[in-house]
Each structure stands twice: as C-alpha cells, then as structure tokens.
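> First the structure, which I've put down as structure tokens, then a few questions once you've had a look.
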Amino acid sequence: MNKHWLWAAILVPGMLLADEIEDTHAEIKQAITAGTEAYQAGELSQAVTQFDYVSTLVRQLQAGELGNLFPEPLSGWKADEVESQAGSTAFFGGGINASRSYRKDGGQLEISITKDSPLLQTMGMLFTNPSMATMGGYKVKRIKGQTAMIKSEGNSQELQMMVANSILIQITGRGINENDLKAYAEALDIEAITKL
C-alpha cells in the first residue's frame, strides 16, 4: 500500500507505453476493489486512499492521451517529445498538463494544454469579459470558434484560449510572429482535446 501513497502524492510524468497502460488498467481495477472492500468494512480512510489513487491513475492515463493530440511540426519546423503530467488532487489540485516545444530558424514555440484544474477557474473571467483582457494588453480573436487572447511584447508572443471552461491552451514563443501562433492554434484538434 505504500506505493499507492507515493503515486498519489507526486506528479506522474511522461507518456505511457502500451504495457504500462495495461498495467495501469490492472492497478485501477485492484484499487477500486480494495477501496470498495475497505468502504464495506467501514475502513473509510483506507477507502479514500484507494479511490484517490484510482483518480490519480486515471489522470495519468488522460495525460498520456492528451500528449497524443499535439500537432506534428508544421512545414520547416522541428519538435521535441511531448511532456505530460498528472497531479494528485490532495497535493496539486488535480488536473492534467502536457506541453510540446517546436523550433524553426532560431525561433521557438511551446504549446501547453492544462485540463480540469481548479486553478483555471480564475482564468475564466478574462475569457468571459474581453474588456478585462484588452486592459491587460491582449488582442481578442476568434480561432476555430474559440475566443483567443494574443499578446506581443518585444520578441515574445503569447496566445491563450479557454475551451469548454475547463481547458487552457497556451502557445508562447520567441523569435516568431503572430501568424506562427495562429497556425499552431489552427492545427490543434480542439474537438478531440475537449472529448478527452
């Protein structure tokens, strides 16, 4: 049981291989069974521990799947491997995050997707009230039917989109232009990200 506490308390990084996914499914089933048995026996603290572990493992699977939804490098670009992680509810507020970096001619760009984190609720106000965004120096655009906020400061570019009130997409870069941000935003499969 000690490993359950460990996995529930840390961020779980990286993409999952097929064997790891199969092992994770087996661990989820075992933890659900153990949690149910603990609950029926009146061992409520143990039941909570098991079900917290289950939710962490499910978020880990989600993070791996989210990593598969990043666009391939556009023409002339190169990309690094996707980095993904899932947070424990108890220690990090839950949610999943994945990011991928892209490079072209000395310029760099990073896409970061955060999903189902309670910390996103405060960001929602900016997207429901565009005048607040413009006061912060952002331009408001529509991309793939979503409200996007774009900001340029010197050599830095930033684009943010809030999707379905629970997914924050951030595209940041240096040595690039606004069209690069928009091109990668257009390349994202918003529907698949929302369904995950």
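Chain labels A, B, ... are given in the sequence in which chains occur in the structure tokens; within each chain residues are numbered consecutively from 1, and ligands are likewise numbered from 1 in the order shown.
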In stretch 16-96 of chain A, what's strand (DSSP E or B) per DSSP? Answer as a list in words?
Lys78, Ala79, Glu83, Ser84, Gln85, Ala86 and Ile96 of chain A
> Can you write out the residues you just picked, keeping N, CA and C atoms, as a PDB file, in the first residue's frame?

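The result, stored in result_13.pdb:
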```
ATOM      1  N   LYS A  78      10.742  21.873 -36.406  1.00  0.00           N
ATOM      2  CA  LYS A  78      11.088  20.626 -35.730  1.00  0.00           C
ATOM      3  C   LYS A  78      10.455  20.652 -34.349  1.00  0.00           C
ATOM      4  N   ALA A  79      10.225  19.467 -33.775  1.00  0.00           N
ATOM      5  CA  ALA A  79       9.548  19.406 -32.477  1.00  0.00           C
ATOM      6  C   ALA A  79      10.255  18.453 -31.536  1.00  0.00           C
ATOM      7  N   GLU A  83       5.840  16.351 -23.257  1.00  0.00           N
ATOM      8  CA  GLU A  83       5.970  16.121 -21.821  1.00  0.00           C
ATOM      9  C   GLU A  83       4.587  16.234 -21.210  1.00  0.00           C
ATOM     10  N   SER A  84       4.193  15.233 -20.426  1.00  0.00           N
ATOM     11  CA  SER A  84       2.864  15.269 -19.809  1.00  0.00           C
ATOM     12  C   SER A  84       2.966  14.870 -18.354  1.00  0.00           C
ATOM     13  N   GLN A  85       1.992  15.350 -17.573  1.00  0.00           N
ATOM     14  CA  GLN A  85       1.972  15.018 -16.151  1.00  0.00           C
ATOM     15  C   GLN A  85       0.554  15.124 -15.624  1.00  0.00           C
ATOM     16  N   ALA A  86       0.314  14.375 -14.555  1.00  0.00           N
ATOM     17  CA  ALA A  86      -0.985  14.399 -13.884  1.00  0.00           C
ATOM     18  C   ALA A  86      -0.750  14.671 -12.419  1.00  0.00           C
ATOM     19  N   ILE A  96      -4.588  17.827 -15.371  1.00  0.00           N
ATOM     20  CA  ILE A  96      -3.516  17.252 -16.171  1.00  0.00           C
ATOM     21  C   ILE A  96      -2.906  18.347 -17.028  1.00  0.00           C
TER      22      ILE A  96
END
```
> Hey, what's within 7 Å of A:Leu69 if we count only C-alpha atoms and toss same-chain stuff fewer than 2 positions away? As a PDB file with all heavy atoms, in the first residue's frame, please?

```pdb
ATOM      1  N   LEU A  66      -3.627  12.938 -23.783  1.00  0.00           N
ATOM      2  CA  LEU A  66      -3.550  14.346 -24.173  1.00  0.00           C
ATOM      3  C   LEU A  66      -2.270  14.609 -24.965  1.00  0.00           C
ATOM      4  O   LEU A  66      -2.273  15.345 -25.948  1.00  0.00           O
ATOM      5  CB  LEU A  66      -3.596  15.241 -22.924  1.00  0.00           C
ATOM      6  CG  LEU A  66      -3.553  16.747 -23.152  1.00  0.00           C
ATOM      7  CD1 LEU A  66      -4.737  17.195 -24.003  1.00  0.00           C
ATOM      8  CD2 LEU A  66      -3.538  17.480 -21.819  1.00  0.00           C
ATOM      9  N   GLY A  67      -1.187  13.967 -24.559  1.00  0.00           N
ATOM     10  CA  GLY A  67       0.083  14.137 -25.254  1.00  0.00           C
ATOM     11  C   GLY A  67       0.038  13.694 -26.702  1.00  0.00           C
ATOM     12  O   GLY A  67       0.816  14.179 -27.536  1.00  0.00           O
ATOM     13  N   PRO A  71      -0.144  18.827 -32.379  1.00  0.00           N
ATOM     14  CA  PRO A  71       0.087  18.780 -33.831  1.00  0.00           C
ATOM     15  C   PRO A  71       1.522  18.389 -34.164  1.00  0.00           C
ATOM     16  O   PRO A  71       2.446  18.651 -33.382  1.00  0.00           O
ATOM     17  CB  PRO A  71      -0.209  20.214 -34.282  1.00  0.00           C
ATOM     18  CG  PRO A  71      -0.024  21.056 -33.065  1.00  0.00           C
ATOM     19  CD  PRO A  71      -0.405  20.191 -31.901  1.00  0.00           C
ATOM     20  N   ASP A 189      -6.428  19.904 -32.599  1.00  0.00           N
ATOM     21  CA  ASP A 189      -7.725  19.239 -32.713  1.00  0.00           C
ATOM     22  C   ASP A 189      -8.534  19.551 -31.454  1.00  0.00           C
ATOM     23  O   ASP A 189      -8.508  18.799 -30.475  1.00  0.00           O
ATOM     24  CB  ASP A 189      -7.530  17.725 -32.885  1.00  0.00           C
ATOM     25  CG  ASP A 189      -8.828  17.002 -33.220  1.00  0.00           C
ATOM     26  OD1 ASP A 189      -9.917  17.559 -32.960  1.00  0.00           O
ATOM     27  OD2 ASP A 189      -8.751  15.872 -33.723  1.00  0.00           O
ATOM     28  N   ILE A 193      -9.451  17.238 -28.011  1.00  0.00           N
ATOM     29  CA  ILE A 193      -8.964  17.670 -26.700  1.00  0.00           C
ATOM     30  C   ILE A 193     -10.134  17.823 -25.739  1.00  0.00           C
ATOM     31  O   ILE A 193     -10.044  17.453 -24.571  1.00  0.00           O
ATOM     32  CB  ILE A 193      -8.183  18.992 -26.832  1.00  0.00           C
ATOM     33  CG1 ILE A 193      -6.874  18.756 -27.620  1.00  0.00           C
ATOM     34  CG2 ILE A 193      -7.874  19.598 -25.467  1.00  0.00           C
ATOM     35  CD1 ILE A 193      -6.162  20.033 -28.030  1.00  0.00           C
TER      36      ILE A 193
END
```
> Write out as a list of chain:residue names which residues come within 6 Å of A:Arg174 when counting only C-alpha atoms, dropping same-chain ones fewer than 5 positions away.
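Result of the neighbour search: A:Gly107, A:Gln108, A:Asn155, A:Ser156.
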> Residues of stretch 73-182 of chain A classed as alpha helix (DSSP H) by DSSP on the backbone are to be reported as a PyMOL selection string.
chain A and resi 89-92+124-128+130-135+178-182
> Near A:Ser99, counting only C-alpha atoms, which residues have an atom at most 12 Å away, once you skip same-chain residues fewer than 2 positions from it, shown as JSON, numbers by chain?
{"A": [13, 14, 15, 63, 64, 66, 67, 68, 69, 70, 71, 79, 80, 81, 82, 83, 84, 85, 96, 97, 101, 102, 109, 110, 111, 112, 113, 114, 115, 168, 169, 170, 171, 172]}
> Keeping only C-alpha atoms, write the selected residues to a file as a CSV table (one decimal), in the first residue's frame.

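Result written to part_24.csv:
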```
chain,number,residue,atom,x,y,z
A,13,PRO,CA,5.4,12.5,-15.7
A,14,GLY,CA,5.8,11.2,-19.2
A,15,MET,CA,4.0,9.3,-21.8
A,63,ALA,CA,-2.2,13.0,-19.5
A,64,GLY,CA,-0.7,10.3,-21.8
A,66,LEU,CA,-3.5,14.3,-24.2
A,67,GLY,CA,0.1,14.1,-25.3
A,68,ASN,CA,-1.0,12.3,-28.4
A,69,LEU,CA,-3.1,15.3,-29.5
A,70,PHE,CA,-0.4,17.8,-30.2
A,71,PRO,CA,0.1,18.8,-33.8
A,79,ALA,CA,9.5,19.4,-32.5
A,80,ASP,CA,10.7,17.9,-29.2
A,81,GLU,CA,8.9,15.0,-27.5
A,82,VAL,CA,5.7,15.7,-25.6
A,83,GLU,CA,6.0,16.1,-21.8
A,84,SER,CA,2.9,15.3,-19.8
A,85,GLN,CA,2.0,15.0,-16.2
A,96,ILE,CA,-3.5,17.3,-16.2
A,97,ASN,CA,-1.0,19.1,-18.2
A,101,SER,CA,8.2,22.6,-27.9
A,102,TYR,CA,8.8,23.5,-31.5
A,109,LEU,CA,7.4,28.0,-29.7
A,110,GLU,CA,5.7,26.0,-26.9
A,111,ILE,CA,2.2,24.7,-26.7
A,112,SER,CA,0.9,23.9,-23.2
A,113,ILE,CA,-2.5,22.3,-22.5
A,114,THR,CA,-3.9,22.2,-19.0
A,115,LYS,CA,-7.2,20.4,-18.4
A,168,LEU,CA,-6.5,26.2,-21.1
A,169,ILE,CA,-4.4,26.2,-24.2
A,170,GLN,CA,-1.3,28.4,-24.1
A,171,ILE,CA,1.0,29.0,-27.1
A,172,THR,CA,4.1,31.1,-26.3
```
> Name the closest residue to A:Arg142 among the candidates A:Glu178, A:Val58, A:Gly154, A:Glu186; distances are taken between atoms, counting only C-alpha atoms.
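Ranked by minimum distance to A:Arg142, first place goes to A:Glu186.
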> From the set A:Thr24, A:Ala183, A:Ser131, A:Phe51, which residue has the shortest atom-to-atom contact distance to A:Glu37, counting only C-alpha atoms?
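Between A:Thr24, A:Ala183, A:Ser131, A:Phe51, the residue approaching A:Glu37 most closely is A:Phe51.
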> Using only C-alpha atoms for the distances, tell me which of A:Glu65, A:Asn177, A:Ala34, A:Gly76 is nearest to A:Gln50.
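Looking only at the distances to A:Gln50, the closest residue turns out to be A:Ala34.
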> Restricting the calculation to only C-alpha atoms: of A:Gln157, A:Tyr184, A:Met162, A:Asp23, which residue gets closest to A:Ser75?
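Closest to A:Ser75 of all the choices is A:Tyr184.
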> Could you list, as a tab-separated table (two decimals) with all heavy atoms, in the first residue's frame, every residue within 10 Å of A:Ala148, counting only C-alpha atoms and ignoring same-chain residues fewer than 2 positions away?

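Writing done, so here's part23.tsv:
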```tsv
chain	number	residue	atom	x	y	z
A	127	PHE	N	-11.83	35.42	-20.15
A	127	PHE	CA	-12.41	34.99	-21.41
A	127	PHE	C	-13.89	35.32	-21.53
A	127	PHE	O	-14.43	35.44	-22.62
A	127	PHE	CB	-12.18	33.49	-21.59
A	127	PHE	CG	-10.73	33.14	-21.81
A	127	PHE	CD1	-9.91	32.87	-20.75
A	127	PHE	CD2	-10.20	33.12	-23.09
A	127	PHE	CE1	-8.56	32.56	-20.95
A	127	PHE	CE2	-8.87	32.83	-23.31
A	127	PHE	CZ	-8.04	32.55	-22.23
A	130	PRO	N	-14.10	40.14	-22.31
A	130	PRO	CA	-12.99	40.55	-23.17
A	130	PRO	C	-12.41	41.91	-22.83
A	130	PRO	O	-11.24	42.18	-23.07
A	130	PRO	CB	-13.61	40.55	-24.57
A	130	PRO	CG	-14.76	39.61	-24.48
A	130	PRO	CD	-15.28	39.75	-23.08
A	138	TYR	N	-4.02	42.51	-24.22
A	138	TYR	CA	-4.30	41.40	-25.15
A	138	TYR	C	-5.23	41.86	-26.28
A	138	TYR	O	-6.10	42.72	-26.08
A	138	TYR	CB	-5.00	40.25	-24.42
A	138	TYR	CG	-4.11	39.48	-23.48
A	138	TYR	CD1	-4.03	39.82	-22.14
A	138	TYR	CD2	-3.35	38.41	-23.94
A	138	TYR	CE1	-3.21	39.11	-21.27
A	138	TYR	CE2	-2.53	37.69	-23.08
A	138	TYR	CZ	-2.47	38.06	-21.74
A	138	TYR	OH	-1.66	37.35	-20.89
A	139	LYS	N	-5.03	41.29	-27.45
A	139	LYS	CA	-5.99	41.43	-28.55
A	139	LYS	C	-6.88	40.19	-28.50
A	139	LYS	O	-6.40	39.09	-28.23
A	139	LYS	CB	-5.27	41.46	-29.90
A	139	LYS	CG	-4.44	42.69	-30.13
A	139	LYS	CD	-3.91	42.73	-31.56
A	139	LYS	CE	-2.93	41.60	-31.82
A	139	LYS	NZ	-2.32	41.69	-33.18
A	140	VAL	N	-8.16	40.36	-28.78
A	140	VAL	CA	-9.10	39.24	-28.74
A	140	VAL	C	-9.44	38.84	-30.17
A	140	VAL	O	-9.80	39.69	-30.99
A	140	VAL	CB	-10.37	39.61	-27.96
A	140	VAL	CG1	-11.36	38.46	-27.96
A	140	VAL	CG2	-10.02	40.01	-26.53
A	141	LYS	N	-9.29	37.54	-30.48
A	141	LYS	CA	-9.59	37.00	-31.80
A	141	LYS	C	-10.43	35.74	-31.64
A	141	LYS	O	-10.52	35.17	-30.55
A	141	LYS	CB	-8.30	36.61	-32.54
A	141	LYS	CG	-7.28	37.74	-32.68
A	141	LYS	CD	-7.46	38.45	-33.97
A	141	LYS	CE	-6.35	39.48	-34.16
A	141	LYS	NZ	-6.58	40.30	-35.33
A	142	ARG	N	-11.04	35.29	-32.75
A	142	ARG	CA	-11.73	34.00	-32.77
A	142	ARG	C	-10.91	33.04	-33.61
A	142	ARG	O	-10.56	33.34	-34.76
A	142	ARG	CB	-13.12	34.13	-33.37
A	142	ARG	CG	-14.07	35.00	-32.57
A	142	ARG	CD	-14.46	34.40	-31.26
A	142	ARG	NE	-15.51	33.40	-31.40
A	142	ARG	CZ	-16.04	32.75	-30.38
A	142	ARG	NH1	-15.61	32.97	-29.15
A	142	ARG	NH2	-16.97	31.85	-30.58
A	143	ILE	N	-10.56	31.89	-33.03
A	143	ILE	CA	-9.80	30.86	-33.74
A	143	ILE	C	-10.53	29.54	-33.54
A	143	ILE	O	-10.76	29.11	-32.41
A	143	ILE	CB	-8.35	30.77	-33.22
A	143	ILE	CG1	-7.61	32.08	-33.49
A	143	ILE	CG2	-7.62	29.60	-33.87
A	143	ILE	CD1	-6.20	32.12	-32.95
A	144	LYS	N	-10.91	28.91	-34.62
A	144	LYS	CA	-11.65	27.64	-34.58
A	144	LYS	C	-12.87	27.73	-33.67
A	144	LYS	O	-13.18	26.80	-32.93
A	144	LYS	CB	-10.73	26.49	-34.15
A	144	LYS	CG	-9.55	26.27	-35.10
A	144	LYS	CD	-8.79	25.02	-34.80
A	144	LYS	CE	-9.44	23.84	-35.50
A	144	LYS	NZ	-8.59	22.63	-35.46
A	145	GLY	N	-13.53	28.88	-33.71
A	145	GLY	CA	-14.74	29.08	-32.92
A	145	GLY	C	-14.49	29.39	-31.45
A	145	GLY	O	-15.43	29.53	-30.68
A	146	GLN	N	-13.22	29.52	-31.06
A	146	GLN	CA	-12.87	29.78	-29.67
A	146	GLN	C	-12.35	31.21	-29.51
A	146	GLN	O	-11.73	31.76	-30.43
A	146	GLN	CB	-11.79	28.80	-29.19
A	146	GLN	CG	-12.13	27.33	-29.39
A	146	GLN	CD	-13.32	26.90	-28.55
A	146	GLN	OE1	-13.51	27.35	-27.43
A	146	GLN	NE2	-14.13	26.02	-29.11
A	150	ILE	N	-4.34	37.29	-27.61
A	150	ILE	CA	-2.99	37.32	-28.17
A	150	ILE	C	-2.27	38.57	-27.66
A	150	ILE	O	-2.84	39.66	-27.64
A	150	ILE	CB	-3.02	37.33	-29.71
A	150	ILE	CG1	-3.76	36.09	-30.23
A	150	ILE	CG2	-1.62	37.41	-30.29
A	150	ILE	CD1	-4.03	36.09	-31.71
A	159	LEU	N	-0.37	33.38	-26.96
A	159	LEU	CA	-1.77	33.17	-27.33
A	159	LEU	C	-2.38	32.25	-26.28
A	159	LEU	O	-1.78	31.24	-25.91
A	159	LEU	CB	-1.86	32.54	-28.71
A	159	LEU	CG	-3.27	32.27	-29.28
A	159	LEU	CD1	-3.26	32.39	-30.80
A	159	LEU	CD2	-3.81	30.90	-28.88
A	160	GLN	N	-3.58	32.60	-25.81
A	160	GLN	CA	-4.28	31.77	-24.83
A	160	GLN	C	-5.71	31.56	-25.29
A	160	GLN	O	-6.37	32.48	-25.77
A	160	GLN	CB	-4.30	32.44	-23.45
A	160	GLN	CG	-2.93	32.64	-22.85
A	160	GLN	CD	-3.03	33.15	-21.42
A	160	GLN	OE1	-3.65	32.52	-20.57
A	160	GLN	NE2	-2.42	34.29	-21.16
A	161	MET	N	-6.20	30.33	-25.11
A	161	MET	CA	-7.60	30.00	-25.40
A	161	MET	C	-8.14	29.17	-24.24
A	161	MET	O	-7.48	28.25	-23.78
A	161	MET	CB	-7.74	29.19	-26.70
A	161	MET	CG	-7.45	29.94	-27.96
A	161	MET	SD	-7.96	29.04	-29.46
A	161	MET	CE	-6.87	27.62	-29.43
A	162	MET	N	-9.34	29.49	-23.80
A	162	MET	CA	-10.05	28.68	-22.82
A	162	MET	C	-11.14	27.92	-23.55
A	162	MET	O	-11.99	28.53	-24.21
A	162	MET	CB	-10.64	29.54	-21.71
A	162	MET	CG	-11.35	28.76	-20.63
A	162	MET	SD	-10.23	27.91	-19.49
A	162	MET	CE	-9.66	29.26	-18.48
A	163	VAL	N	-11.12	26.60	-23.45
A	163	VAL	CA	-12.07	25.75	-24.17
A	163	VAL	C	-12.96	25.04	-23.16
A	163	VAL	O	-12.46	24.43	-22.20
A	163	VAL	CB	-11.33	24.72	-25.05
A	163	VAL	CG1	-12.32	23.84	-25.78
A	163	VAL	CG2	-10.40	25.43	-26.03
A	169	ILE	N	-5.40	26.43	-23.22
A	169	ILE	CA	-4.36	26.21	-24.22
A	169	ILE	C	-3.51	27.47	-24.28
A	169	ILE	O	-4.04	28.58	-24.48
A	169	ILE	CB	-4.97	25.92	-25.61
A	169	ILE	CG1	-5.79	24.63	-25.56
A	169	ILE	CG2	-3.89	25.84	-26.67
A	169	ILE	CD1	-6.61	24.36	-26.81
A	170	GLN	N	-2.21	27.31	-24.07
A	170	GLN	CA	-1.28	28.43	-24.13
A	170	GLN	C	-0.22	28.13	-25.18
A	170	GLN	O	0.38	27.06	-25.18
A	170	GLN	CB	-0.60	28.64	-22.77
A	170	GLN	CG	-1.58	29.06	-21.67
A	170	GLN	CD	-0.88	29.13	-20.32
A	170	GLN	OE1	-0.44	28.12	-19.79
A	170	GLN	NE2	-0.77	30.33	-19.78
A	182	LYS	N	-0.98	31.61	-34.54
A	182	LYS	CA	-2.29	31.28	-35.10
A	182	LYS	C	-2.24	29.96	-35.87
A	182	LYS	O	-3.17	29.15	-35.79
A	182	LYS	CB	-2.77	32.39	-36.02
A	182	LYS	CG	-3.12	33.69	-35.29
A	182	LYS	CD	-3.53	34.75	-36.30
A	182	LYS	CE	-3.85	36.07	-35.63
A	182	LYS	NZ	-4.15	37.13	-36.62
A	185	ALA	N	-2.31	27.18	-33.41
A	185	ALA	CA	-3.63	27.12	-32.79
A	185	ALA	C	-4.63	26.47	-33.74
A	185	ALA	O	-5.46	25.64	-33.32
A	185	ALA	CB	-4.10	28.53	-32.40
```
> Atom CA of A:Gln60 and atom CA of A:Gly42, how far apart in Å?
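Straight-line distance from atom CA of A:Gly42 to atom CA of A:Gln60 works out to 28.5 Å.
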> Measure the distance from atom CA of A:Lys29 to atom CA of A:Gln46 in Å and round it to one decimal.
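Distance between the two atoms: 15.8 Å.
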